[in-house]
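Trainee: One structure, pasted below without further comment.
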Amino acid sequence: MFNLILFGPPGSGKGTQSERLIAKYGLKHLSTGDLLRSEIAGATPLGMAAKSFMDKGQLVPDEVVIEMISSALDNNPQANGFLFDGFPRTTAQAEALDKLLNQKGTEIAVVLALQVSKDELVKRLLNRGLTSGRSDDVNEDIIRARIDEYERKTAAVADYYKKYDKVELVKGEGSIDEIFDLLSKEIDERIAA
Ligand code: ADP
């Protein structure tokens, strides 16, 4: 199994690059943002609980997303590997993920961290808001709250994986193809190792 985390702030291109990477490497895409939005669309109790946090640009409580990821792992026993997108977002989530993977006899191979400036992030998210239909993309205050949450709680996740020497910084500005090539190169190196 080859498991990777695509890491970076909101708007750094995780979703776009994930789509390409799962196609190239045959991985199962697990995006907590997508999973939460589908819970909201289905008006489930979990979705309803999550929505109030998401609408404010805040993180959904750890136990909710950890349980969601745990079920997703159990529901995909045949996967060649997982690409985690938007998860883990806190140190507690990272610790929980390590445990879950460990129980399955596997681990995270690499954390690819996309580097994008704050001005570029805000620009991209406002632009995405014009077409995405995502209510958290249309308002600049909510966008800035999400970036603040990232800096306050999520940036520490990179430090957690640095301890295990698993983090690779990747330039997240440039063309989609250029960034995809940089990410692929990192993955190829690890797969060959
Ligand atoms: P983005 O990468 O643009 O922030 P996502 O689709 O990954 O968008 O997430 C949208 C929202 O869903 C986040 O702002 C947060 O409220 C919630 N969310 C997604 N993943 C997590 C997570 N792992 N932990 C807590 N909240 C999450």
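All residue names refer to the structure tokens as shown: chains lettered A, B, ... in order, residues numbered from 1 in each chain, ligands numbered from 1 in order.
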Within 6 Å of ligand 1 (counting only C-alpha atoms and all ligand atoms), which residues show up? I'd like them as a list in words.
Mentor: Pro10, Gly11, Thr32, Gly33, Asp34, Phe53, Met54, Gly57, Gln58, Leu59, Val60, Pro61, Asp62, Val65, Gly86, Phe87, Pro88, Arg89 and Arg146 of chain A
Trainee: Write the residues of the preceding selection, restricted to C-alpha atoms, as a PDB file, in the first residue's frame.
Mentor:
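Heads up, here's the output in out.pdb:
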```
ATOM      1  CA  PRO A  10      -7.322  26.147   1.528  1.00  0.00           C
ATOM      2  CA  GLY A  11      -6.972  27.053  -2.124  1.00  0.00           C
ATOM      3  CA  THR A  32     -12.861  15.138   4.262  1.00  0.00           C
ATOM      4  CA  GLY A  33     -14.245  18.320   2.667  1.00  0.00           C
ATOM      5  CA  ASP A  34     -16.011  16.258  -0.026  1.00  0.00           C
ATOM      6  CA  PHE A  53     -18.699  24.991  11.655  1.00  0.00           C
ATOM      7  CA  MET A  54     -17.975  24.945   7.940  1.00  0.00           C
ATOM      8  CA  GLY A  57     -14.715  28.769   8.257  1.00  0.00           C
ATOM      9  CA  GLN A  58     -13.982  26.773  11.416  1.00  0.00           C
ATOM     10  CA  LEU A  59     -12.800  23.202  11.684  1.00  0.00           C
ATOM     11  CA  VAL A  60     -15.351  20.492  12.350  1.00  0.00           C
ATOM     12  CA  PRO A  61     -14.639  18.680  15.684  1.00  0.00           C
ATOM     13  CA  ASP A  62     -11.903  16.038  15.501  1.00  0.00           C
ATOM     14  CA  VAL A  65     -13.906  13.660  10.974  1.00  0.00           C
ATOM     15  CA  GLY A  86      -7.840  17.978   3.721  1.00  0.00           C
ATOM     16  CA  PHE A  87      -7.057  15.440   6.435  1.00  0.00           C
ATOM     17  CA  PRO A  88      -5.391  15.369   8.934  1.00  0.00           C
ATOM     18  CA  ARG A  89      -5.952  19.021   9.849  1.00  0.00           C
ATOM     19  CA  ARG A 146     -10.228  29.386   6.970  1.00  0.00           C
TER      20      ARG A 146
END
```
Trainee: Would you pick out the contacts of stretch 12-17 of chain A at 12 Å or less, using only C-alpha atoms, so that residues sharing its chain but fewer than 4 positions from it are not included, and give the list as a PyMOL selection string?
Mentor: chain A and resi 5-8+21-24+29-34+83-87+112-125+128+147+150+170-184
Trainee: What's the separation between atom CA of A:Ala192 and atom CA of A:Ala158, in Å to one decimal place?
Mentor: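 A separation of 23.5 Å between them.
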Trainee: Mind giving me the straight-line distance from atom CA of A:Glu39 to atom CA of A:Lys153 in Å, one decimal?
Mentor: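 The value is 23.5 Å.
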Trainee: Rank nothing, just name the residue among A:Gln93, A:Gln78, A:Asn139, A:Ser132 nearest to A:Tyr160, using only C-alpha atoms.
Mentor: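 Of all the options, A:Gln93 lies closest to A:Tyr160.
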Trainee: Any idea what's packed within 12 Å of A:Pro77, counting only C-alpha atoms, ignoring anything in its chain fewer than 4 positions away? Could you give it as a VMD selection string?
Mentor: chain A and resid 1 28 70 to 73 81 to 82 101 104
Trainee: Here is a test: counting only C-alpha atoms, which residue of A:Leu46, A:Asp148, A:Val110, A:Gln103 is nearest to A:Ile191?
Mentor: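 Among the listed residues, the smallest separation from A:Ile191 belongs to A:Val110.
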